[in-house]
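S.K.: Okay, so here is data_29.pdb, and as you'll see once you scroll down, it has PDB, C-alpha atoms and all ligand atoms.
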```
ATOM      1  CA  MET A   1     -51.631  66.226-153.087
ATOM      2  CA  LYS A   2     -54.640  66.214-155.345
ATOM      3  CA  ALA A   3     -55.394  69.796-154.454
ATOM      4  CA  LEU A   4     -51.822  70.735-155.213
ATOM      5  CA  ILE A   5     -51.827  69.115-158.633
ATOM      6  CA  PHE A   6     -55.167  70.748-159.347
ATOM      7  CA  SER A   7     -53.879  74.194-158.467
ATOM      8  CA  ILE A   8     -50.809  73.707-160.618
ATOM      9  CA  ALA A   9     -53.081  72.635-163.450
ATOM     10  CA  LEU A  10     -55.152  75.759-162.936
ATOM     11  CA  SER A  11     -52.176  78.057-162.974
ATOM     12  CA  THR A  12     -50.905  76.349-166.102
ATOM     13  CA  ILE A  13     -54.197  77.128-167.787
ATOM     14  CA  PHE A  14     -54.104  80.679-166.537
ATOM     15  CA  PHE A  15     -50.548  81.109-167.740
ATOM     16  CA  ALA A  16     -51.438  79.694-171.126
ATOM     17  CA  ALA A  17     -54.377  82.073-171.332
ATOM     18  CA  CYS A  18     -52.156  85.057-170.612
ATOM     19  CA  ASN A  19     -49.637  84.079-173.203
ATOM     20  CA  SER A  20     -52.173  83.675-175.926
ATOM     21  CA  ASN A  21     -53.109  87.366-175.890
ATOM     22  CA  GLY A  22     -56.706  86.795-175.041
ATOM     23  CA  THR A  23     -57.270  84.074-177.598
ATOM     24  CA  LYS A  24     -58.852  81.449-175.428
ATOM     25  CA  GLN A  25     -57.151  78.165-176.071
ATOM     26  CA  ALA A  26     -58.693  75.037-174.667
ATOM     27  CA  THR A  27     -55.546  73.551-173.191
ATOM     28  CA  SER A  28     -57.204  72.348-170.037
ATOM     29  CA  GLU A  29     -58.263  68.958-171.362
ATOM     30  CA  THR A  30     -54.799  68.036-172.507
ATOM     31  CA  THR A  31     -52.830  69.120-169.465
ATOM     32  CA  ASP A  32     -49.799  66.916-169.358
ATOM     33  CA  MET A  33     -50.113  64.705-166.283
ATOM     34  CA  ALA A  34     -46.464  63.721-166.265
ATOM     35  CA  MET A  35     -45.343  67.309-166.121
ATOM     36  CA  ASN A  36     -47.696  68.002-163.256
ATOM     37  CA  GLU A  37     -46.332  65.056-161.307
ATOM     38  CA  THR A  38     -42.841  66.488-161.543
ATOM     39  CA  ALA A  39     -44.048  69.883-160.466
ATOM     40  CA  ALA A  40     -45.880  68.340-157.531
ATOM     41  CA  THR A  41     -42.758  66.508-156.390
ATOM     42  CA  ALA A  42     -40.652  69.624-156.633
ATOM     43  CA  ASP A  43     -43.254  71.330-154.477
ATOM     44  CA  ASN A  44     -43.279  68.556-151.895
ATOM     45  CA  PRO A  45     -44.729  70.134-148.741
ATOM     46  CA  LEU A  46     -41.850  68.640-146.769
ATOM     47  CA  LYS A  47     -39.311  70.536-148.851
ATOM     48  CA  GLY A  48     -38.770  73.306-146.305
ATOM     49  CA  ILE A  49     -38.204  70.853-143.482
ATOM     50  CA  VAL A  50     -35.802  68.729-145.508
ATOM     51  CA  THR A  51     -33.875  71.766-146.753
ATOM     52  CA  GLY A  52     -33.639  73.240-143.258
ATOM     53  CA  TYR A  53     -32.501  69.927-141.844
ATOM     54  CA  LEU A  54     -29.828  69.485-144.529
ATOM     55  CA  ASN A  55     -28.531  73.035-143.961
ATOM     56  CA  LEU A  56     -28.192  72.182-140.295
ATOM     57  CA  LYS A  57     -26.475  68.887-141.040
ATOM     58  CA  ASN A  58     -23.979  70.580-143.371
ATOM     59  CA  ALA A  59     -23.165  73.291-140.821
ATOM     60  CA  LEU A  60     -22.487  70.674-138.137
ATOM     61  CA  ALA A  61     -20.279  68.692-140.523
ATOM     62  CA  LYS A  62     -18.190  71.858-140.915
ATOM     63  CA  ASP A  63     -18.065  72.406-137.133
ATOM     64  CA  ASP A  64     -19.980  75.636-137.744
ATOM     65  CA  ASP A  65     -21.999  76.178-134.557
ATOM     66  CA  LYS A  66     -23.285  79.587-135.652
ATOM     67  CA  GLY A  67     -24.431  78.255-139.010
ATOM     68  CA  ALA A  68     -26.093  75.370-137.179
ATOM     69  CA  ALA A  69     -27.877  77.817-134.860
ATOM     70  CA  ASP A  70     -29.136  79.825-137.859
ATOM     71  CA  ALA A  71     -30.353  76.657-139.547
ATOM     72  CA  GLY A  72     -32.011  75.531-136.294
ATOM     73  CA  ASN A  73     -33.846  78.842-135.961
ATOM     74  CA  GLY A  74     -34.842  78.630-139.611
ATOM     75  CA  LEU A  75     -36.264  75.172-139.017
ATOM     76  CA  VAL A  76     -38.353  76.431-136.089
ATOM     77  CA  LYS A  77     -39.924  78.983-138.442
ATOM     78  CA  VAL A  78     -40.621  76.289-141.024
ATOM     79  CA  PHE A  79     -42.378  74.159-138.411
ATOM     80  CA  ASP A  80     -44.407  77.114-137.154
ATOM     81  CA  GLY A  81     -45.518  78.121-140.625
ATOM     82  CA  PHE A  82     -46.078  74.605-141.896
ATOM     83  CA  ASP A  83     -49.272  74.080-143.877
ATOM     84  CA  LYS A  84     -50.656  70.667-142.974
ATOM     85  CA  SER A  85     -53.609  70.914-145.322
ATOM     86  CA  SER A  86     -51.783  69.273-148.196
ATOM     87  CA  LEU A  87     -50.903  66.166-146.170
ATOM     88  CA  THR A  88     -52.787  62.886-146.424
ATOM     89  CA  ALA A  89     -54.171  61.328-143.230
ATOM     90  CA  ASP A  90     -51.138  59.050-142.789
ATOM     91  CA  GLN A  91     -48.737  61.904-143.416
ATOM     92  CA  ALA A  92     -50.598  64.179-141.017
ATOM     93  CA  LYS A  93     -50.392  61.521-138.329
ATOM     94  CA  ILE A  94     -46.624  61.157-138.419
ATOM     95  CA  PHE A  95     -46.232  64.912-138.758
ATOM     96  CA  ALA A  96     -48.299  65.465-135.604
ATOM     97  CA  ASP A  97     -46.189  62.849-133.843
ATOM     98  CA  ILE A  98     -42.830  64.454-134.576
ATOM     99  CA  GLN A  99     -43.782  68.143-134.726
ATOM    100  CA  THR A 100     -43.422  69.203-131.082
ATOM    101  CA  ASP A 101     -40.312  67.133-130.526
ATOM    102  CA  ALA A 102     -38.547  68.171-133.717
ATOM    103  CA  ARG A 103     -39.407  71.820-133.222
ATOM    104  CA  GLU A 104     -37.990  71.775-129.720
ATOM    105  CA  HIS A 105     -34.733  70.176-130.838
ATOM    106  CA  ALA A 106     -34.418  72.771-133.591
ATOM    107  CA  GLU A 107     -35.071  75.512-131.051
ATOM    108  CA  HIS A 108     -32.359  74.295-128.675
ATOM    109  CA  ILE A 109     -29.914  74.001-131.553
ATOM    110  CA  GLY A 110     -30.813  77.589-132.433
ATOM    111  CA  SER A 111     -30.104  78.815-128.911
ATOM    112  CA  ASN A 112     -26.850  76.911-128.444
ATOM    113  CA  ALA A 113     -24.320  78.625-130.686
ATOM    114  CA  GLY A 114     -21.017  78.170-128.865
ATOM    115  CA  ASN A 115     -21.976  74.705-127.634
ATOM    116  CA  ILE A 116     -21.736  72.448-130.653
ATOM    117  CA  GLY A 117     -21.640  69.329-128.460
ATOM    118  CA  HIS A 118     -25.118  70.117-127.185
ATOM    119  CA  GLN A 119     -26.322  71.035-130.669
ATOM    120  CA  ARG A 120     -25.211  67.601-131.835
ATOM    121  CA  GLU A 121     -27.102  65.877-129.014
ATOM    122  CA  HIS A 122     -30.293  67.529-130.174
ATOM    123  CA  PHE A 123     -29.430  66.858-133.794
ATOM    124  CA  GLU A 124     -29.320  63.138-133.094
ATOM    125  CA  THR A 125     -32.930  62.974-131.908
ATOM    126  CA  LEU A 126     -34.025  65.451-134.565
ATOM    127  CA  SER A 127     -32.518  63.167-137.210
ATOM    128  CA  LYS A 128     -34.669  60.289-135.994
ATOM    129  CA  ASP A 129     -37.755  62.510-136.114
ATOM    130  CA  VAL A 130     -37.080  63.699-139.662
ATOM    131  CA  TYR A 131     -36.211  60.160-140.769
ATOM    132  CA  ASP A 132     -39.509  58.798-139.402
ATOM    133  CA  LEU A 133     -41.314  61.656-141.133
ATOM    134  CA  VAL A 134     -39.808  61.280-144.609
ATOM    135  CA  LYS A 135     -40.184  57.490-144.448
ATOM    136  CA  VAL A 136     -43.927  58.123-144.595
ATOM    137  CA  THR A 137     -44.163  61.322-146.596
ATOM    138  CA  GLY A 138     -41.243  61.056-148.971
ATOM    139  CA  ALA A 139     -38.676  63.829-149.070
ATOM    140  CA  GLY A 140     -39.143  64.988-152.644
ATOM    141  CA  GLU A 141     -35.506  64.120-153.290
ATOM    142  CA  LYS A 142     -33.164  61.209-152.821
ATOM    143  CA  LEU A 143     -31.740  60.935-149.318
ATOM    144  CA  TYR A 144     -29.215  58.624-147.701
ATOM    145  CA  TYR A 145     -29.560  57.448-144.108
ATOM    146  CA  SER A 146     -26.061  57.026-142.758
ATOM    147  CA  ASN A 147     -24.650  55.856-139.466
ATOM    148  CA  CYS A 148     -21.441  56.602-137.612
ATOM    149  CA  PRO A 149     -20.727  53.918-134.995
ATOM    150  CA  MET A 150     -18.145  55.970-133.096
ATOM    151  CA  TYR A 151     -20.196  58.916-131.848
ATOM    152  CA  ASN A 152     -21.197  59.083-128.178
ATOM    153  CA  ASN A 153     -18.728  56.525-126.768
ATOM    154  CA  ASN A 154     -19.389  54.075-129.572
ATOM    155  CA  LYS A 155     -23.146  54.142-129.131
ATOM    156  CA  GLY A 156     -23.349  55.476-132.665
ATOM    157  CA  ALA A 157     -25.767  57.856-134.342
ATOM    158  CA  SER A 158     -27.505  58.300-137.680
ATOM    159  CA  TRP A 159     -28.326  61.196-139.974
ATOM    160  CA  LEU A 160     -29.902  61.979-143.320
ATOM    161  CA  SER A 161     -27.820  63.299-146.190
ATOM    162  CA  GLU A 162     -28.382  64.401-149.762
ATOM    163  CA  THR A 163     -25.013  62.915-150.718
ATOM    164  CA  LYS A 164     -23.797  59.357-150.735
ATOM    165  CA  ASP A 165     -20.306  60.305-149.623
ATOM    166  CA  ILE A 166     -19.911  60.826-145.914
ATOM    167  CA  HIS A 167     -19.471  64.195-144.226
ATOM    168  CA  ASN A 168     -19.980  63.353-140.587
ATOM    169  CA  PRO A 169     -22.126  65.925-138.733
ATOM    170  CA  TYR A 170     -21.432  64.407-135.297
ATOM    171  CA  LEU A 171     -17.652  64.299-135.324
ATOM    172  CA  GLY A 172     -17.135  67.102-137.823
ATOM    173  CA  MET A 173     -13.850  67.797-139.540
ATOM    174  CA  SER A 174     -11.835  65.699-137.074
ATOM    175  CA  MET A 175     -13.465  62.500-138.380
ATOM    176  CA  GLU A 176     -15.044  63.748-141.531
ATOM    177  CA  THR A 177     -15.517  60.434-143.306
ATOM    178  CA  CYS A 178     -16.520  58.238-140.379
ATOM    179  CA  GLY A 179     -19.726  56.412-141.214
ATOM    180  CA  ALA A 180     -21.533  54.453-143.898
ATOM    181  CA  VAL A 181     -24.788  54.636-145.796
ATOM    182  CA  LYS A 182     -27.344  52.216-144.326
ATOM    183  CA  GLU A 183     -30.403  53.011-146.372
ATOM    184  CA  GLU A 184     -31.426  54.923-149.474
ATOM    185  CA  LEU A 185     -34.690  56.822-149.353
ATOM    186  CA  ASN A 186     -36.494  57.997-152.440
TER     187      ASN A 186
ATOM    188  CA  MET B   1     -35.817  58.920-105.346
ATOM    189  CA  ILE B   2     -32.951  61.253-106.050
ATOM    190  CA  LEU B   3     -34.867  62.965-108.877
ATOM    191  CA  SER B   4     -37.337  64.476-106.439
ATOM    192  CA  VAL B   5     -34.532  65.961-104.373
ATOM    193  CA  ALA B   6     -32.338  67.148-107.223
ATOM    194  CA  CYS B   7     -34.734  67.970-110.036
ATOM    195  CA  TYR B   8     -38.316  68.488-108.906
ATOM    196  CA  ASP B   9     -37.886  72.046-107.729
ATOM    197  CA  CYS B  10     -37.575  73.104-111.336
ATOM    198  CA  HIS B  11     -39.114  70.207-113.242
ATOM    199  CA  SER B  12     -42.374  69.450-111.453
ATOM    200  CA  ASN B  13     -45.467  71.166-110.093
ATOM    201  CA  ASN B  14     -44.187  70.356-106.614
ATOM    202  CA  THR B  15     -41.806  73.134-105.910
ATOM    203  CA  ARG B  16     -40.498  73.437-102.362
ATOM    204  CA  TYR B  17     -40.027  77.164-102.319
ATOM    205  CA  PRO B  18     -36.923  77.711-100.230
ATOM    206  CA  TRP B  19     -36.211  80.605 -97.894
ATOM    207  CA  TYR B  20     -34.392  82.666-100.489
ATOM    208  CA  ALA B  21     -37.362  82.618-102.836
ATOM    209  CA  ASN B  22     -38.945  85.271-100.653
ATOM    210  CA  ILE B  23     -36.130  87.709-101.105
ATOM    211  CA  GLN B  24     -35.483  89.638-104.292
ATOM    212  CA  PRO B  25     -33.756  88.824-106.546
ATOM    213  CA  GLY B  26     -33.892  85.229-105.305
ATOM    214  CA  SER B  27     -37.576  84.827-106.054
ATOM    215  CA  TRP B  28     -37.151  86.169-109.525
ATOM    216  CA  TRP B  29     -34.244  83.829-110.168
ATOM    217  CA  MET B  30     -36.156  80.851-108.853
ATOM    218  CA  ALA B  31     -39.373  81.657-110.686
ATOM    219  CA  SER B  32     -37.667  82.081-114.019
ATOM    220  CA  HIS B  33     -35.822  78.788-113.637
ATOM    221  CA  ILE B  34     -38.906  76.895-112.621
ATOM    222  CA  LYS B  35     -40.822  78.254-115.571
ATOM    223  CA  GLU B  36     -38.022  77.562-118.017
ATOM    224  CA  GLY B  37     -37.249  74.162-116.558
ATOM    225  CA  LYS B  38     -40.885  73.089-116.565
ATOM    226  CA  ASN B  39     -41.323  74.189-120.138
ATOM    227  CA  GLY B  40     -38.644  71.765-121.208
ATOM    228  CA  LEU B  41     -39.408  68.915-118.835
ATOM    229  CA  ASN B  42     -42.167  68.439-116.259
ATOM    230  CA  PHE B  43     -42.104  65.140-114.380
ATOM    231  CA  ASP B  44     -45.737  65.596-113.354
ATOM    232  CA  GLU B  45     -46.784  65.736-116.982
ATOM    233  CA  PHE B  46     -44.361  63.112-118.166
ATOM    234  CA  ALA B  47     -46.980  60.367-118.361
ATOM    235  CA  SER B  48     -49.058  62.463-120.749
ATOM    236  CA  TYR B  49     -46.186  62.978-123.208
ATOM    237  CA  SER B  50     -46.286  60.878-126.384
ATOM    238  CA  ASN B  51     -44.051  57.823-126.564
ATOM    239  CA  ARG B  52     -41.673  59.712-128.870
ATOM    240  CA  ARG B  53     -41.452  62.658-126.520
ATOM    241  CA  GLN B  54     -40.853  60.496-123.470
ATOM    242  CA  GLN B  55     -37.965  58.801-125.231
ATOM    243  CA  SER B  56     -36.600  62.143-126.329
ATOM    244  CA  LYS B  57     -36.733  63.538-122.778
ATOM    245  CA  LEU B  58     -35.162  60.451-121.235
ATOM    246  CA  LYS B  59     -32.326  60.764-123.669
ATOM    247  CA  SER B  60     -31.872  64.451-122.772
ATOM    248  CA  ILE B  61     -31.836  63.495-119.095
ATOM    249  CA  VAL B  62     -29.036  60.983-119.662
ATOM    250  CA  ASN B  63     -27.110  63.593-121.662
ATOM    251  CA  SER B  64     -27.604  66.261-119.010
ATOM    252  CA  ILE B  65     -26.280  63.899-116.324
ATOM    253  CA  ASN B  66     -23.314  62.822-118.450
ATOM    254  CA  ASN B  67     -22.445  66.431-119.193
ATOM    255  CA  GLY B  68     -23.038  67.554-115.637
ATOM    256  CA  THR B  69     -25.287  70.390-116.805
ATOM    257  CA  MET B  70     -28.164  69.361-114.491
ATOM    258  CA  PRO B  71     -29.014  70.265-111.815
ATOM    259  CA  LEU B  72     -27.881  73.798-112.651
ATOM    260  CA  SER B  73     -24.702  74.612-110.779
ATOM    261  CA  SER B  74     -26.219  77.882-109.596
ATOM    262  CA  TYR B  75     -28.763  75.703-107.795
ATOM    263  CA  THR B  76     -26.413  73.160-106.221
ATOM    264  CA  LEU B  77     -24.397  76.063-104.888
ATOM    265  CA  ILE B  78     -27.209  76.577-102.396
ATOM    266  CA  HIS B  79     -28.826  73.144-102.451
ATOM    267  CA  LYS B  80     -25.963  70.899-101.465
ATOM    268  CA  GLU B  81     -28.365  67.971-101.119
ATOM    269  CA  ALA B  82     -28.940  68.158-104.866
ATOM    270  CA  ILE B  83     -25.284  67.546-105.719
ATOM    271  CA  LEU B  84     -25.237  64.153-107.419
ATOM    272  CA  SER B  85     -22.832  61.453-106.275
ATOM    273  CA  LYS B  86     -21.421  58.939-108.745
ATOM    274  CA  GLU B  87     -24.022  56.449-107.542
ATOM    275  CA  ASP B  88     -26.839  58.983-107.951
ATOM    276  CA  LYS B  89     -25.747  59.609-111.516
ATOM    277  CA  MET B  90     -25.609  55.898-112.274
ATOM    278  CA  SER B  91     -29.031  55.274-110.812
ATOM    279  CA  ILE B  92     -30.641  58.152-112.731
ATOM    280  CA  LYS B  93     -29.059  56.974-115.975
ATOM    281  CA  ASN B  94     -30.054  53.350-115.392
ATOM    282  CA  TRP B  95     -33.592  54.419-114.574
ATOM    283  CA  ALA B  96     -33.832  56.566-117.720
ATOM    284  CA  ASN B  97     -32.268  53.976-120.009
ATOM    285  CA  THR B  98     -34.458  51.172-118.704
ATOM    286  CA  ILE B  99     -37.669  53.078-119.348
ATOM    287  CA  LYS B 100     -36.375  54.263-122.705
ATOM    288  CA  ASP B 101     -35.626  50.700-123.805
ATOM    289  CA  SER B 102     -39.089  49.528-122.859
ATOM    290  CA  LEU B 103     -40.653  52.473-124.725
ATOM    291  CA  GLU B 104     -38.635  51.646-127.820
ATOM    292  CA  LEU B 105     -40.062  48.120-127.795
ATOM    293  CA  ARG B 106     -43.575  49.522-127.691
ATOM    294  CA  ASN B 107     -43.044  51.403-130.961
TER     295      ASN B 107
HETATM  296 CU    CU C   1     -30.836  71.784-125.232
END
```
Starting from the file, lay out its structure as structure tokens.
Ligand SMILES: [Cu+2]

M.R.:
Amino acid sequence: MKALIFSIALSTIFFAACNSNGTKQATSETTDMAMNETAATADNPLKGIVTGYLNLKNALAKDDDKGAADAGNGLVKVFDGFDKSSLTADQAKIFADIQTDAREHAEHIGSNAGNIGHQREHFETLSKDVYDLVKVTGAGEKLYYSNCPMYNNNKGASWLSETKDIHNPYLGMSMETCGAVKEELN
Amino acid sequence: MILSVACYDCHSNNTRYPWYANIQPGSWWMASHIKEGKNGLNFDEFASYSNRRQQSKLKSIVNSINNGTMPLSSYTLIHKEAILSKEDKMSIKNWANTIKDSLELRN
């Protein structure tokens, strides 16, 4: 995180230097910390994973197996290209724990267009992985952890959403609003 | 245990190569399924999986039994002994759920 803020600070200086037509302004000392914090959050390293996961969740909520497969394949790429260097030790630990599992679930979702039931089975475990991850790392945006008690013969299942209102990814359009928010994550 | 009869040919290092494995395209079919099956789940390596991964696999096993997707039907066509009875299915699911519950407690 420190490295990230530092590099943003550097590029801010560089940008300022370019804009000043060669007149070297000493803006480096007064770099606005608050602004850099916001930039760092927007560039949360987990962003790609969270975005890919939410795309997948939204496709499943619309009963869109092909969209879910695309999102699953996209998520595999994100995991493969993930840069761990910006993670703290705690973050790296949970990332290492979920990585193989989450990647494999994403891969199976990617290869199971036409079998949305199986995609949803993998999505359930993937949701737990991503939840455990963002609990430690933060997601860079507000997320809601919701649960639908009816899925899987009333065993129930949970998922992460960017919206408070329910669009159930397990039961899809047939039971769109089944579920309730259990936890808010910041 | 029923798992060794019904699953180990494809999900362990202990493959009993059957007669048809020696004949093309049987051997090709068998080899590709063993490789693919072992990639996803290898009972001989199960103990070395992380707690999270063990739980994940046990859950997939229960799902595959519930859905009837495992053992592959192309396999039970030839290996009648691998066709699971109701009791077999119950015992596999109980076994998987019991271990999974104990792993969850260890988290
Ligand atoms: Cu699968």

S.K.: Counting all atoms listed in the file, which residues from chain B have an atom at most 10 Å from any atom of chain A, and could you show them as a list of chain:residue names?

M.R.: B:Gly40, B:Ser50, B:Asn51, B:Arg52, B:Arg53, B:Gln54, B:Gln55, B:Ser56, B:Lys57, B:Lys59, B:Ser60, B:Asn63, B:Ser64, B:Asn67

S.K.: Pull out every residue that the PyMOL selection byres (((chain B and resi 2) around 9) and not hetatm) matches in the shown coordinates and put them as a list in words.

M.R.: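 Selected by the PyMOL selection byres (((chain B and resi 2) around 9) and not hetatm) in this file: Met1, Leu3, Ser4, Val5, Ala6, Cys7, Ala82, Leu84, Asp88, Ser91 and Ile92 of chain B.
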
S.K.: Can you tell me how far CA of Asp44 (chain B) sits from CA of Ser12 (chain B), in Å to one decimal?

M.R.: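 Between CA of Asp44 (chain B) and CA of Ser12 (chain B) the gap is 5.5 Å.
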
S.K.: Which residues are close to Thr137 (chain A), i.e. within 7 Å by all atoms listed in the file, leaving aside same-chain residues fewer than 3 positions away? Reply as a PDB file with C-alpha atoms, keeping the file's coordinate frame.

M.R.:
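Saved the output as part.pdb:
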```
ATOM      1  CA  GLN A  91     -48.737  61.904-143.416  1.00  0.00           C
ATOM      2  CA  LEU A 133     -41.314  61.656-141.133  1.00  0.00           C
ATOM      3  CA  VAL A 134     -39.808  61.280-144.609  1.00  0.00           C
TER       4      VAL A 134
END
```

S.K.: Report the distance between CA of Ile83 (chain B) and CA of Trp95 (chain B) in Å, rounded to one decimal place.

M.R.: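 We find that CA of Ile83 (chain B) and CA of Trp95 (chain B) lie 17.9 Å from each other.
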
S.K.: How many Å separate CA of Asn44 (chain A) from CA of Asp65 (chain A)?

M.R.: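 Computing it gives 28.5 Å between the two atoms.
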
S.K.: I'd like to see the residues matched by the PyMOL selection byres (((chain A and resi 51-55) around 7) and not hetatm) on this file, and ideally I'd get them as a CSV table (one decimal) with C-alpha atoms, keeping the file's coordinate frame.

M.R.:
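And here is the file that came out, out_12.csv:
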```csv
chain,number,residue,atom,x,y,z
A,47,LYS,CA,-39.3,70.5,-148.9
A,48,GLY,CA,-38.8,73.3,-146.3
A,49,ILE,CA,-38.2,70.9,-143.5
A,50,VAL,CA,-35.8,68.7,-145.5
A,56,LEU,CA,-28.2,72.2,-140.3
A,57,LYS,CA,-26.5,68.9,-141.0
A,58,ASN,CA,-24.0,70.6,-143.4
A,59,ALA,CA,-23.2,73.3,-140.8
A,71,ALA,CA,-30.4,76.7,-139.5
A,74,GLY,CA,-34.8,78.6,-139.6
A,75,LEU,CA,-36.3,75.2,-139.0
A,161,SER,CA,-27.8,63.3,-146.2
```

S.K.: Quick one: apply the PyMOL selection byres (((chain A and resi 172) around 12) and not hetatm) to the file and drop the selected residues here as a PyMOL selection string.

M.R.: chain A and resi 57-65+116-117+120+148+151+166-171+173-179

S.K.: Print the selection's residues with C-alpha atoms to a file, as a PDB file, keeping the file's coordinate frame.

M.R.:
```
ATOM      1  CA  LYS A  57     -26.475  68.887-141.040  1.00  0.00           C
ATOM      2  CA  ASN A  58     -23.979  70.580-143.371  1.00  0.00           C
ATOM      3  CA  ALA A  59     -23.165  73.291-140.821  1.00  0.00           C
ATOM      4  CA  LEU A  60     -22.487  70.674-138.137  1.00  0.00           C
ATOM      5  CA  ALA A  61     -20.279  68.692-140.523  1.00  0.00           C
ATOM      6  CA  LYS A  62     -18.190  71.858-140.915  1.00  0.00           C
ATOM      7  CA  ASP A  63     -18.065  72.406-137.133  1.00  0.00           C
ATOM      8  CA  ASP A  64     -19.980  75.636-137.744  1.00  0.00           C
ATOM      9  CA  ASP A  65     -21.999  76.178-134.557  1.00  0.00           C
ATOM     10  CA  ILE A 116     -21.736  72.448-130.653  1.00  0.00           C
ATOM     11  CA  GLY A 117     -21.640  69.329-128.460  1.00  0.00           C
ATOM     12  CA  ARG A 120     -25.211  67.601-131.835  1.00  0.00           C
ATOM     13  CA  CYS A 148     -21.441  56.602-137.612  1.00  0.00           C
ATOM     14  CA  TYR A 151     -20.196  58.916-131.848  1.00  0.00           C
ATOM     15  CA  ILE A 166     -19.911  60.826-145.914  1.00  0.00           C
ATOM     16  CA  HIS A 167     -19.471  64.195-144.226  1.00  0.00           C
ATOM     17  CA  ASN A 168     -19.980  63.353-140.587  1.00  0.00           C
ATOM     18  CA  PRO A 169     -22.126  65.925-138.733  1.00  0.00           C
ATOM     19  CA  TYR A 170     -21.432  64.407-135.297  1.00  0.00           C
ATOM     20  CA  LEU A 171     -17.652  64.299-135.324  1.00  0.00           C
ATOM     21  CA  MET A 173     -13.850  67.797-139.540  1.00  0.00           C
ATOM     22  CA  SER A 174     -11.835  65.699-137.074  1.00  0.00           C
ATOM     23  CA  MET A 175     -13.465  62.500-138.380  1.00  0.00           C
ATOM     24  CA  GLU A 176     -15.044  63.748-141.531  1.00  0.00           C
ATOM     25  CA  THR A 177     -15.517  60.434-143.306  1.00  0.00           C
ATOM     26  CA  CYS A 178     -16.520  58.238-140.379  1.00  0.00           C
ATOM     27  CA  GLY A 179     -19.726  56.412-141.214  1.00  0.00           C
TER      28      GLY A 179
END
```
